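Below: the structure, in structure tokens.
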Amino acid sequence: MLRDSSHKLHILDHPLAAHKMSILRDAQTPSHRFRRTLNELSWLLAFPAFEMLRLAPVEITTPLETMTAQTLSDPAPCIVSILRAGNGLADGFSQICPEASLGHLGLYRDHDTLQPVSYYSSLPDRMDKRQVILVDPMLATGGSATMAIETLRNMGVDDIVFACLVAAPEGISALHGAHPEVPIFTAALDRELNDQAYILPGLGDAGDRIYGTG
Ligand code: PRP
Ligand code: URA
């Protein structure tokens, strides 16, 4: 993992991650392979992103003796997916941490204004007590992630990390400007946005690549 000096930006630095990113970036990769590779990569990203999870002591008995072990604190963390592309990451995150609750925030980026539009929200109870791992493959302008974090903050959530596949410098600046306390975990830091706010070199429209639409 590469980290910036503030430890608020973490970039995955692993040969398998680089290999899988090249599959995802390749325009020739079909949707079924894109989905499978995204799921594999999400496991690699989940490991460092879950480092923040809180633990609580628990008394257990092994076959030989009793001991104090560590378990996830209650209530369980919540993986929040920004629909729809976020589900591609959330699946892998919840496979590796099945105890986590799952929440969904439906946001799409208006093609003309490039501003996020909210259309759906479904979150578990006791959000103010949960740690949240917010996932979305793409951090472009940062508008969608910023709006999602504001929604969570309004529910009293104070412990949030954001995980994505590809981040643009513009999105990182916007998100860190609005929410400097939220660490960003990304598999790749790309060069810039184009004039339609797509990430370059990027991987195209993540939702369309996952679901074969567009
Ligand atoms: C994509 C992506 C992010 C957003 C990033 O979603 O999954 O949510 O764009 O852009 P931003 O940082 O400029 O806000 P999109 O709006 O294409 O919706 P989809 O997931 O339903 O395809
Ligand atoms: N959303 C995407 O899916 N891809 C981009 O490059 C930017 C926003």
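To be explicit about the labels: the chains of the structure tokens are called A, B, and onward in the order shown, and within each one the residues are counted from 1, while ligands get numbers from 1 in the order they are shown.
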Give one line per residue of segment 7-119 of chain A that approaches segment 147-155 of chain A to at most 10 Å, naming the two atoms of the closest pair and their distance in Å to one decimal, counting only C-alpha atoms; sort by chain then ascending residue number and deliver it as a tab-separated table.
```
residue	atom	partner	partner_atom	distance
A:Val80	CA	A:Ala148	CA	9.1
A:Ser81	CA	A:Ala148	CA	9.4
A:Ile82	CA	A:Ala148	CA	7.5
A:His104	CA	A:Ala148	CA	9.8
A:Leu105	CA	A:Ala148	CA	7.0
A:Gly106	CA	A:Ala148	CA	9.1
A:Leu107	CA	A:Ala148	CA	8.2
A:Gln115	CA	A:Met147	CA	9.6
A:Pro116	CA	A:Met147	CA	7.4
A:Val117	CA	A:Met147	CA	9.0
A:Ser118	CA	A:Met147	CA	8.5
```
Could you take the residues named above and write them with all heavy atoms, as a PDB file, in the first residue's frame?
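Full text of again.pdb as output:
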```pdb
ATOM      1  N   VAL A  80     -21.599   0.338   2.530  1.00  0.00           N
ATOM      2  CA  VAL A  80     -22.605   1.122   1.804  1.00  0.00           C
ATOM      3  C   VAL A  80     -22.162   1.234   0.346  1.00  0.00           C
ATOM      4  O   VAL A  80     -21.072   1.731   0.049  1.00  0.00           O
ATOM      5  CB  VAL A  80     -22.799   2.512   2.428  1.00  0.00           C
ATOM      6  CG1 VAL A  80     -23.771   3.343   1.573  1.00  0.00           C
ATOM      7  CG2 VAL A  80     -23.330   2.392   3.853  1.00  0.00           C
ATOM      8  N   SER A  81     -23.033   0.767  -0.533  1.00  0.00           N
ATOM      9  CA  SER A  81     -22.745   0.773  -1.963  1.00  0.00           C
ATOM     10  C   SER A  81     -23.452   1.951  -2.624  1.00  0.00           C
ATOM     11  O   SER A  81     -24.648   2.164  -2.411  1.00  0.00           O
ATOM     12  CB  SER A  81     -23.255  -0.544  -2.565  1.00  0.00           C
ATOM     13  OG  SER A  81     -23.340  -0.458  -3.968  1.00  0.00           O
ATOM     14  N   ILE A  82     -22.702   2.714  -3.427  1.00  0.00           N
ATOM     15  CA  ILE A  82     -23.339   3.757  -4.245  1.00  0.00           C
ATOM     16  C   ILE A  82     -23.789   3.085  -5.539  1.00  0.00           C
ATOM     17  O   ILE A  82     -22.960   2.642  -6.342  1.00  0.00           O
ATOM     18  CB  ILE A  82     -22.371   4.926  -4.528  1.00  0.00           C
ATOM     19  CG1 ILE A  82     -21.882   5.561  -3.223  1.00  0.00           C
ATOM     20  CG2 ILE A  82     -23.045   5.958  -5.435  1.00  0.00           C
ATOM     21  CD1 ILE A  82     -20.924   6.733  -3.388  1.00  0.00           C
ATOM     22  N   HIS A 104     -27.534   0.761   0.781  1.00  0.00           N
ATOM     23  CA  HIS A 104     -27.471   1.207  -0.617  1.00  0.00           C
ATOM     24  C   HIS A 104     -27.920   2.658  -0.734  1.00  0.00           C
ATOM     25  O   HIS A 104     -28.947   3.040  -0.149  1.00  0.00           O
ATOM     26  CB  HIS A 104     -28.375   0.331  -1.499  1.00  0.00           C
ATOM     27  CG  HIS A 104     -27.952  -1.100  -1.529  1.00  0.00           C
ATOM     28  ND1 HIS A 104     -28.428  -2.037  -0.634  1.00  0.00           N
ATOM     29  CD2 HIS A 104     -27.054  -1.744  -2.313  1.00  0.00           C
ATOM     30  CE1 HIS A 104     -27.846  -3.210  -0.884  1.00  0.00           C
ATOM     31  NE2 HIS A 104     -27.015  -3.062  -1.886  1.00  0.00           N
ATOM     32  N   LEU A 105     -27.138   3.431  -1.471  1.00  0.00           N
ATOM     33  CA  LEU A 105     -27.534   4.801  -1.804  1.00  0.00           C
ATOM     34  C   LEU A 105     -27.559   4.892  -3.322  1.00  0.00           C
ATOM     35  O   LEU A 105     -26.532   4.653  -3.979  1.00  0.00           O
ATOM     36  CB  LEU A 105     -26.525   5.812  -1.234  1.00  0.00           C
ATOM     37  CG  LEU A 105     -26.468   5.924   0.292  1.00  0.00           C
ATOM     38  CD1 LEU A 105     -25.339   6.856   0.722  1.00  0.00           C
ATOM     39  CD2 LEU A 105     -27.801   6.406   0.852  1.00  0.00           C
ATOM     40  N   GLY A 106     -28.721   5.192  -3.877  1.00  0.00           N
ATOM     41  CA  GLY A 106     -28.860   5.305  -5.329  1.00  0.00           C
ATOM     42  C   GLY A 106     -28.535   6.722  -5.766  1.00  0.00           C
ATOM     43  O   GLY A 106     -29.241   7.667  -5.396  1.00  0.00           O
ATOM     44  N   LEU A 107     -27.464   6.871  -6.541  1.00  0.00           N
ATOM     45  CA  LEU A 107     -27.068   8.179  -7.070  1.00  0.00           C
ATOM     46  C   LEU A 107     -26.684   7.991  -8.524  1.00  0.00           C
ATOM     47  O   LEU A 107     -26.015   7.020  -8.849  1.00  0.00           O
ATOM     48  CB  LEU A 107     -25.832   8.734  -6.346  1.00  0.00           C
ATOM     49  CG  LEU A 107     -25.874   8.962  -4.845  1.00  0.00           C
ATOM     50  CD1 LEU A 107     -24.521   9.476  -4.370  1.00  0.00           C
ATOM     51  CD2 LEU A 107     -26.945   9.964  -4.503  1.00  0.00           C
ATOM     52  N   GLN A 115     -23.699  16.775 -11.971  1.00  0.00           N
ATOM     53  CA  GLN A 115     -23.995  16.744 -10.531  1.00  0.00           C
ATOM     54  C   GLN A 115     -24.699  15.435 -10.168  1.00  0.00           C
ATOM     55  O   GLN A 115     -25.494  14.913 -10.965  1.00  0.00           O
ATOM     56  CB  GLN A 115     -24.921  17.910 -10.147  1.00  0.00           C
ATOM     57  CG  GLN A 115     -24.294  19.283 -10.318  1.00  0.00           C
ATOM     58  CD  GLN A 115     -23.002  19.404  -9.534  1.00  0.00           C
ATOM     59  OE1 GLN A 115     -22.967  19.134  -8.335  1.00  0.00           O
ATOM     60  NE2 GLN A 115     -21.923  19.759 -10.230  1.00  0.00           N
ATOM     61  N   PRO A 116     -24.442  14.894  -8.979  1.00  0.00           N
ATOM     62  CA  PRO A 116     -25.129  13.668  -8.576  1.00  0.00           C
ATOM     63  C   PRO A 116     -26.605  13.928  -8.266  1.00  0.00           C
ATOM     64  O   PRO A 116     -26.959  14.986  -7.740  1.00  0.00           O
ATOM     65  CB  PRO A 116     -24.378  13.246  -7.307  1.00  0.00           C
ATOM     66  CG  PRO A 116     -23.749  14.480  -6.796  1.00  0.00           C
ATOM     67  CD  PRO A 116     -23.504  15.384  -7.965  1.00  0.00           C
ATOM     68  N   VAL A 117     -27.436  12.963  -8.626  1.00  0.00           N
ATOM     69  CA  VAL A 117     -28.872  13.043  -8.343  1.00  0.00           C
ATOM     70  C   VAL A 117     -29.219  11.818  -7.496  1.00  0.00           C
ATOM     71  O   VAL A 117     -28.889  10.691  -7.869  1.00  0.00           O
ATOM     72  CB  VAL A 117     -29.688  13.023  -9.657  1.00  0.00           C
ATOM     73  CG1 VAL A 117     -31.184  13.088  -9.362  1.00  0.00           C
ATOM     74  CG2 VAL A 117     -29.266  14.161 -10.577  1.00  0.00           C
ATOM     75  N   SER A 118     -29.880  12.059  -6.367  1.00  0.00           N
ATOM     76  CA  SER A 118     -30.216  10.957  -5.460  1.00  0.00           C
ATOM     77  C   SER A 118     -31.579  10.382  -5.839  1.00  0.00           C
ATOM     78  O   SER A 118     -32.534  11.125  -6.050  1.00  0.00           O
ATOM     79  CB  SER A 118     -30.253  11.505  -4.029  1.00  0.00           C
ATOM     80  OG  SER A 118     -30.815  10.546  -3.181  1.00  0.00           O
TER      81      SER A 118
END
```
Surrounding residues of Ala187 of chain A excluding itself and chain neighbours under 4 positions, 8 Å, only C-alpha atoms, as a list in words:
Ile11, Leu12, Asp13, Ala17, Met21, Leu45, Cys164, Leu165 and Val166 of chain A
Produce a file of the selected residues containing N, CA and C atoms, as a PDB file, in the first residue's frame.
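Contents of out-v6.pdb, as written:
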```
ATOM      1  N   ILE A  11      -3.034   3.893  -1.758  1.00  0.00           N
ATOM      2  CA  ILE A  11      -3.095   3.361  -3.126  1.00  0.00           C
ATOM      3  C   ILE A  11      -2.552   1.939  -3.114  1.00  0.00           C
ATOM      4  N   LEU A  12      -3.376   1.028  -3.606  1.00  0.00           N
ATOM      5  CA  LEU A  12      -2.999  -0.386  -3.624  1.00  0.00           C
ATOM      6  C   LEU A  12      -1.730  -0.562  -4.459  1.00  0.00           C
ATOM      7  N   ASP A  13      -0.757  -1.286  -3.908  1.00  0.00           N
ATOM      8  CA  ASP A  13       0.526  -1.459  -4.593  1.00  0.00           C
ATOM      9  C   ASP A  13       0.872  -2.944  -4.537  1.00  0.00           C
ATOM     10  N   ALA A  17      -2.925  -6.751  -8.133  1.00  0.00           N
ATOM     11  CA  ALA A  17      -3.858  -5.632  -8.347  1.00  0.00           C
ATOM     12  C   ALA A  17      -3.548  -4.963  -9.685  1.00  0.00           C
ATOM     13  N   MET A  21      -6.115  -4.741 -12.727  1.00  0.00           N
ATOM     14  CA  MET A  21      -6.518  -3.426 -13.235  1.00  0.00           C
ATOM     15  C   MET A  21      -6.353  -3.358 -14.752  1.00  0.00           C
ATOM     16  N   LEU A  45      -8.593  -5.029  -2.273  1.00  0.00           N
ATOM     17  CA  LEU A  45      -8.824  -3.673  -1.765  1.00  0.00           C
ATOM     18  C   LEU A  45      -9.478  -3.710  -0.385  1.00  0.00           C
ATOM     19  N   CYS A 164     -12.448   2.864  -3.586  1.00  0.00           N
ATOM     20  CA  CYS A 164     -12.777   2.900  -5.016  1.00  0.00           C
ATOM     21  C   CYS A 164     -11.701   2.167  -5.798  1.00  0.00           C
ATOM     22  N   LEU A 165     -11.977   1.943  -7.078  1.00  0.00           N
ATOM     23  CA  LEU A 165     -10.994   1.293  -7.951  1.00  0.00           C
ATOM     24  C   LEU A 165     -10.064   2.303  -8.575  1.00  0.00           C
ATOM     25  N   VAL A 166     -10.673   3.355  -9.143  1.00  0.00           N
ATOM     26  CA  VAL A 166      -9.905   4.366  -9.870  1.00  0.00           C
ATOM     27  C   VAL A 166     -10.285   5.741  -9.341  1.00  0.00           C
TER      28      VAL A 166
END
```
Given 6 Å and only C-alpha atoms and all ligand atoms, residues near ligand 1 as a list in words:
Ile82, Leu83, Arg84, Ala85, Tyr108, Arg109, Pro116, Asp136, Pro137, Met138, Leu139, Ala140, Thr141, Gly142, Gly143, Ser144, Gly171, Ala206 and Gly207 of chain A
Could you give me the residues within chain A that DSSP places in alpha helix (DSSP H), as a PyMOL selection string?
chain A and resi 15-25+31-49+86-96+143-154+169-178+206-211
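Distances here use only C-alpha atoms and all ligand atoms; by that measure, the residue among A:Gln196, A:Ser94, A:Gln70, A:Thr213 closest to ligand 2 is A:Gln196.
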Please identify which residues in segment 58-137 of chain A DSSP calls strand (DSSP E) from the backbone, and express them as JSON, numbers by chain.
{"A": [58, 59, 60, 61, 66, 67, 68, 69, 70, 71, 72, 78, 79, 80, 81, 82, 83, 101, 102, 103, 104, 105, 106, 107, 108, 109, 116, 117, 118, 119, 120, 121, 122, 132, 133, 134, 135]}
Writer output for current selection, N, CA, C and O atoms, as a CSV table (one decimal), in the first residue's frame:
```csv
chain,number,residue,atom,x,y,z
A,58,VAL,N,-13.7,-11.1,23.4
A,58,VAL,CA,-14.7,-12.1,23.6
A,58,VAL,C,-14.1,-13.3,24.3
A,58,VAL,O,-12.9,-13.7,23.9
A,59,GLU,N,-14.7,-13.9,25.3
A,59,GLU,CA,-14.2,-15.1,25.9
A,59,GLU,C,-14.6,-16.3,25.1
A,59,GLU,O,-15.8,-16.5,24.8
A,60,ILE,N,-13.7,-17.1,24.6
A,60,ILE,CA,-14.0,-18.3,23.9
A,60,ILE,C,-13.2,-19.5,24.5
A,60,ILE,O,-12.3,-19.3,25.2
A,61,THR,N,-13.7,-20.7,24.1
A,61,THR,CA,-13.0,-21.9,24.6
A,61,THR,C,-12.5,-22.6,23.4
A,61,THR,O,-13.3,-23.0,22.5
A,66,THR,N,-9.6,-21.9,27.7
A,66,THR,CA,-10.3,-20.7,27.4
A,66,THR,C,-9.3,-19.6,27.2
A,66,THR,O,-8.2,-19.6,27.6
A,67,MET,N,-9.8,-18.6,26.4
A,67,MET,CA,-8.9,-17.4,26.1
A,67,MET,C,-9.8,-16.2,25.8
A,67,MET,O,-11.0,-16.4,25.5
A,68,THR,N,-9.2,-15.1,25.8
A,68,THR,CA,-9.8,-13.9,25.4
A,68,THR,C,-9.4,-13.6,23.9
A,68,THR,O,-8.2,-13.4,23.7
A,69,ALA,N,-10.4,-13.7,23.1
A,69,ALA,CA,-10.1,-13.5,21.6
A,69,ALA,C,-10.7,-12.1,21.2
A,69,ALA,O,-11.2,-11.4,22.1
A,70,GLN,N,-10.6,-11.8,19.9
A,70,GLN,CA,-11.1,-10.5,19.4
A,70,GLN,C,-12.2,-10.8,18.4
A,70,GLN,O,-12.0,-11.6,17.5
A,71,THR,N,-13.2,-10.0,18.5
A,71,THR,CA,-14.3,-10.2,17.5
A,71,THR,C,-14.8,-8.8,17.0
A,71,THR,O,-14.5,-7.8,17.7
A,72,LEU,N,-15.5,-8.8,15.9
A,72,LEU,CA,-16.0,-7.5,15.4
A,72,LEU,C,-16.9,-6.8,16.5
A,72,LEU,O,-17.7,-7.5,17.1
A,78,CYS,N,-21.0,-1.4,8.4
A,78,CYS,CA,-21.9,-1.4,7.3
A,78,CYS,C,-21.2,-1.1,6.0
A,78,CYS,O,-20.4,-0.1,6.0
A,79,ILE,N,-21.3,-1.9,5.0
A,79,ILE,CA,-20.8,-1.6,3.7
A,79,ILE,C,-21.9,-0.9,3.0
A,79,ILE,O,-23.0,-1.4,2.8
A,80,VAL,N,-21.6,0.3,2.5
A,80,VAL,CA,-22.6,1.1,1.8
A,80,VAL,C,-22.2,1.2,0.3
A,80,VAL,O,-21.1,1.7,0.0
A,81,SER,N,-23.0,0.8,-0.5
A,81,SER,CA,-22.7,0.8,-2.0
A,81,SER,C,-23.5,2.0,-2.6
A,81,SER,O,-24.6,2.2,-2.4
A,82,ILE,N,-22.7,2.7,-3.4
A,82,ILE,CA,-23.3,3.8,-4.2
A,82,ILE,C,-23.8,3.1,-5.5
A,82,ILE,O,-23.0,2.6,-6.3
A,83,LEU,N,-25.1,3.0,-5.7
A,83,LEU,CA,-25.7,2.3,-6.9
A,83,LEU,C,-25.4,3.1,-8.1
A,83,LEU,O,-25.4,4.4,-8.0
A,101,SER,N,-23.3,-5.4,7.7
A,101,SER,CA,-24.6,-5.1,7.1
A,101,SER,C,-24.4,-4.4,5.8
A,101,SER,O,-23.3,-3.9,5.5
A,102,LEU,N,-25.4,-4.4,5.0
A,102,LEU,CA,-25.3,-3.8,3.6
A,102,LEU,C,-26.3,-2.6,3.5
A,102,LEU,O,-27.5,-2.8,3.8
A,103,GLY,N,-25.8,-1.5,3.0
A,103,GLY,CA,-26.7,-0.4,2.7
A,103,GLY,C,-26.5,0.1,1.3
A,103,GLY,O,-25.5,-0.2,0.7
A,104,HIS,N,-27.5,0.8,0.8
A,104,HIS,CA,-27.5,1.2,-0.6
A,104,HIS,C,-27.9,2.7,-0.7
A,104,HIS,O,-28.9,3.0,-0.1
A,105,LEU,N,-27.1,3.4,-1.5
A,105,LEU,CA,-27.5,4.8,-1.8
A,105,LEU,C,-27.6,4.9,-3.3
A,105,LEU,O,-26.5,4.7,-4.0
A,106,GLY,N,-28.7,5.2,-3.9
A,106,GLY,CA,-28.9,5.3,-5.3
A,106,GLY,C,-28.5,6.7,-5.8
A,106,GLY,O,-29.2,7.7,-5.4
A,107,LEU,N,-27.5,6.9,-6.5
A,107,LEU,CA,-27.1,8.2,-7.1
A,107,LEU,C,-26.7,8.0,-8.5
A,107,LEU,O,-26.0,7.0,-8.8
A,108,TYR,N,-27.1,8.9,-9.4
A,108,TYR,CA,-26.5,8.9,-10.7
A,108,TYR,C,-26.1,10.3,-11.1
A,108,TYR,O,-26.5,11.3,-10.5
A,109,ARG,N,-25.1,10.3,-12.0
A,109,ARG,CA,-24.5,11.6,-12.3
A,109,ARG,C,-25.3,12.2,-13.5
A,109,ARG,O,-25.3,11.5,-14.6
A,116,PRO,N,-24.4,14.9,-9.0
A,116,PRO,CA,-25.1,13.7,-8.6
A,116,PRO,C,-26.6,13.9,-8.3
A,116,PRO,O,-27.0,15.0,-7.7
A,117,VAL,N,-27.4,13.0,-8.6
A,117,VAL,CA,-28.9,13.0,-8.3
A,117,VAL,C,-29.2,11.8,-7.5
A,117,VAL,O,-28.9,10.7,-7.9
A,118,SER,N,-29.9,12.1,-6.4
A,118,SER,CA,-30.2,11.0,-5.5
A,118,SER,C,-31.6,10.4,-5.8
A,118,SER,O,-32.5,11.1,-6.0
A,119,TYR,N,-31.7,9.0,-5.9
A,119,TYR,CA,-33.0,8.4,-6.3
A,119,TYR,C,-33.4,7.3,-5.4
A,119,TYR,O,-34.5,6.8,-5.5
A,120,TYR,N,-32.5,6.9,-4.4
A,120,TYR,CA,-32.8,5.7,-3.6
A,120,TYR,C,-31.9,5.7,-2.3
A,120,TYR,O,-30.8,6.1,-2.4
A,121,SER,N,-32.5,5.3,-1.2
A,121,SER,CA,-31.7,5.1,0.0
A,121,SER,C,-32.3,4.0,0.8
A,121,SER,O,-33.5,3.9,1.1
A,122,SER,N,-31.4,3.0,1.2
A,122,SER,CA,-31.8,1.9,2.1
A,122,SER,C,-30.6,1.6,3.0
A,122,SER,O,-29.6,1.1,2.5
A,132,VAL,N,-18.6,2.7,8.7
A,132,VAL,CA,-19.1,2.5,7.4
A,132,VAL,C,-17.9,2.5,6.4
A,132,VAL,O,-17.0,3.3,6.4
A,133,ILE,N,-18.0,1.5,5.5
A,133,ILE,CA,-17.1,1.4,4.3
A,133,ILE,C,-17.9,1.7,3.1
A,133,ILE,O,-18.8,1.0,2.7
A,134,LEU,N,-17.7,2.9,2.6
A,134,LEU,CA,-18.5,3.4,1.4
A,134,LEU,C,-17.7,3.0,0.2
A,134,LEU,O,-16.5,3.3,0.0
A,135,VAL,N,-18.4,2.3,-0.8
A,135,VAL,CA,-17.7,1.8,-2.0
A,135,VAL,C,-18.4,2.3,-3.3
A,135,VAL,O,-19.6,2.3,-3.4
```
Using only C-alpha atoms, can you tell me which of A:Leu55, A:Asp128, A:Ser31, A:Phe47 comes closest to Ala163 of chain A?
A:Phe47
Counting only C-alpha atoms, the residue among A:Asn39, A:Thr29, A:Gln95, A:Ser6 that lies closest to Gly212 of chain A is A:Thr29
Can you tell me which residues surround Ala167 of chain A at a distance of at most 12 Å, considering only C-alpha atoms, apart from same-chain residues fewer than 5 positions away, and format the answer as a ChimeraX atom specification?
/A:9-12,136-142,145,162,172-175,184-193,197-203
Could you save the residues just selected, with N, CA and C atoms, as a compact mmCIF listing (two decimals), in the first residue's frame?
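And here is the file that came out, again-v7.txt:
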```txt
# COMPACT_ATOMS: atom_id res chain seq x y z
N LEU A 9 -4.76 9.05 1.95
CA LEU A 9 -4.87 8.47 0.61
C LEU A 9 -4.01 7.22 0.57
N HIS A 10 -4.66 6.09 0.29
CA HIS A 10 -3.97 4.80 0.28
C HIS A 10 -4.14 4.20 -1.12
N ILE A 11 -3.03 3.89 -1.76
CA ILE A 11 -3.09 3.36 -3.13
C ILE A 11 -2.55 1.94 -3.11
N LEU A 12 -3.38 1.03 -3.61
CA LEU A 12 -3.00 -0.39 -3.62
C LEU A 12 -1.73 -0.56 -4.46
N ASP A 136 -17.53 2.62 -4.19
CA ASP A 136 -17.94 3.01 -5.54
C ASP A 136 -16.70 2.88 -6.42
N PRO A 137 -16.76 2.19 -7.55
CA PRO A 137 -15.52 1.98 -8.31
C PRO A 137 -14.84 3.27 -8.76
N MET A 138 -15.63 4.34 -9.05
CA MET A 138 -15.03 5.51 -9.69
C MET A 138 -15.16 6.76 -8.81
N LEU A 139 -14.04 7.45 -8.61
CA LEU A 139 -14.04 8.76 -7.96
C LEU A 139 -13.57 9.75 -9.03
N ALA A 140 -14.53 10.41 -9.67
CA ALA A 140 -14.21 11.29 -10.81
C ALA A 140 -14.19 12.75 -10.33
N THR A 141 -15.35 13.45 -10.39
CA THR A 141 -15.38 14.81 -9.82
C THR A 141 -15.44 14.76 -8.30
N GLY A 142 -15.86 13.61 -7.77
CA GLY A 142 -16.03 13.49 -6.32
C GLY A 142 -17.42 13.87 -5.85
N ALA A 145 -19.49 10.76 -4.28
CA ALA A 145 -18.97 10.31 -2.97
C ALA A 145 -19.24 11.38 -1.91
N PHE A 162 -13.69 5.52 2.47
CA PHE A 162 -14.19 5.42 1.11
C PHE A 162 -13.23 4.56 0.30
N ILE A 172 -10.14 13.37 -5.67
CA ILE A 172 -9.47 13.29 -4.36
C ILE A 172 -9.46 14.68 -3.71
N SER A 173 -9.12 15.71 -4.49
CA SER A 173 -9.09 17.07 -3.93
C SER A 173 -10.48 17.48 -3.44
N ALA A 174 -11.50 17.17 -4.26
CA ALA A 174 -12.86 17.57 -3.88
C ALA A 174 -13.30 16.85 -2.61
N LEU A 175 -13.04 15.55 -2.55
CA LEU A 175 -13.50 14.77 -1.39
C LEU A 175 -12.72 15.16 -0.13
N ILE A 184 -9.25 7.67 1.87
CA ILE A 184 -9.60 7.11 0.56
C ILE A 184 -8.65 5.95 0.27
N PHE A 185 -9.24 4.78 -0.06
CA PHE A 185 -8.46 3.62 -0.50
C PHE A 185 -8.79 3.41 -1.97
N THR A 186 -7.76 3.36 -2.80
CA THR A 186 -8.01 3.19 -4.23
C THR A 186 -7.02 2.18 -4.82
N ALA A 187 -7.47 1.49 -5.87
CA ALA A 187 -6.57 0.55 -6.55
C ALA A 187 -5.68 1.28 -7.54
N ALA A 188 -6.10 2.46 -7.98
CA ALA A 188 -5.28 3.22 -8.95
C ALA A 188 -5.57 4.71 -8.84
N LEU A 189 -4.51 5.48 -9.01
CA LEU A 189 -4.65 6.95 -9.09
C LEU A 189 -4.34 7.33 -10.53
N ASP A 190 -5.34 7.85 -11.25
CA ASP A 190 -5.17 8.15 -12.66
C ASP A 190 -4.79 9.61 -12.89
N ARG A 191 -4.69 9.97 -14.20
CA ARG A 191 -4.08 11.26 -14.54
C ARG A 191 -5.00 12.46 -14.35
N GLU A 192 -6.20 12.39 -14.94
CA GLU A 192 -7.06 13.58 -14.98
C GLU A 192 -8.44 13.21 -15.49
N LEU A 193 -9.34 14.20 -15.51
CA LEU A 193 -10.67 14.03 -16.09
C LEU A 193 -10.67 14.61 -17.50
N ALA A 197 -15.89 14.73 -17.80
CA ALA A 197 -15.60 14.26 -16.44
C ALA A 197 -15.46 12.74 -16.36
N TYR A 198 -14.97 12.13 -17.45
CA TYR A 198 -14.55 10.73 -17.39
C TYR A 198 -13.07 10.68 -17.03
N ILE A 199 -12.70 9.64 -16.29
CA ILE A 199 -11.33 9.54 -15.82
C ILE A 199 -10.43 9.02 -16.95
N LEU A 200 -9.24 9.66 -17.10
CA LEU A 200 -8.25 9.24 -18.09
C LEU A 200 -7.01 8.71 -17.37
N PRO A 201 -6.45 7.55 -17.75
CA PRO A 201 -6.96 6.68 -18.81
C PRO A 201 -8.22 5.91 -18.39
N GLY A 202 -8.44 5.67 -17.13
CA GLY A 202 -9.70 5.13 -16.63
C GLY A 202 -10.05 3.75 -17.13
N LEU A 203 -11.33 3.44 -17.07
CA LEU A 203 -11.82 2.17 -17.59
C LEU A 203 -13.19 2.34 -18.24
```
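The residue that comes closest to Gln131 of chain A, out of A:Leu64, A:Cys97, A:Ala90, A:Leu53 and on the basis of only C-alpha atoms, is A:Leu53.
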Within 7 Å of Val157 of chain A, counting only C-alpha atoms, which residues qualify if same-chain residues fewer than 6 places away don't, as a PyMOL selection string?
chain A and resi 127-130
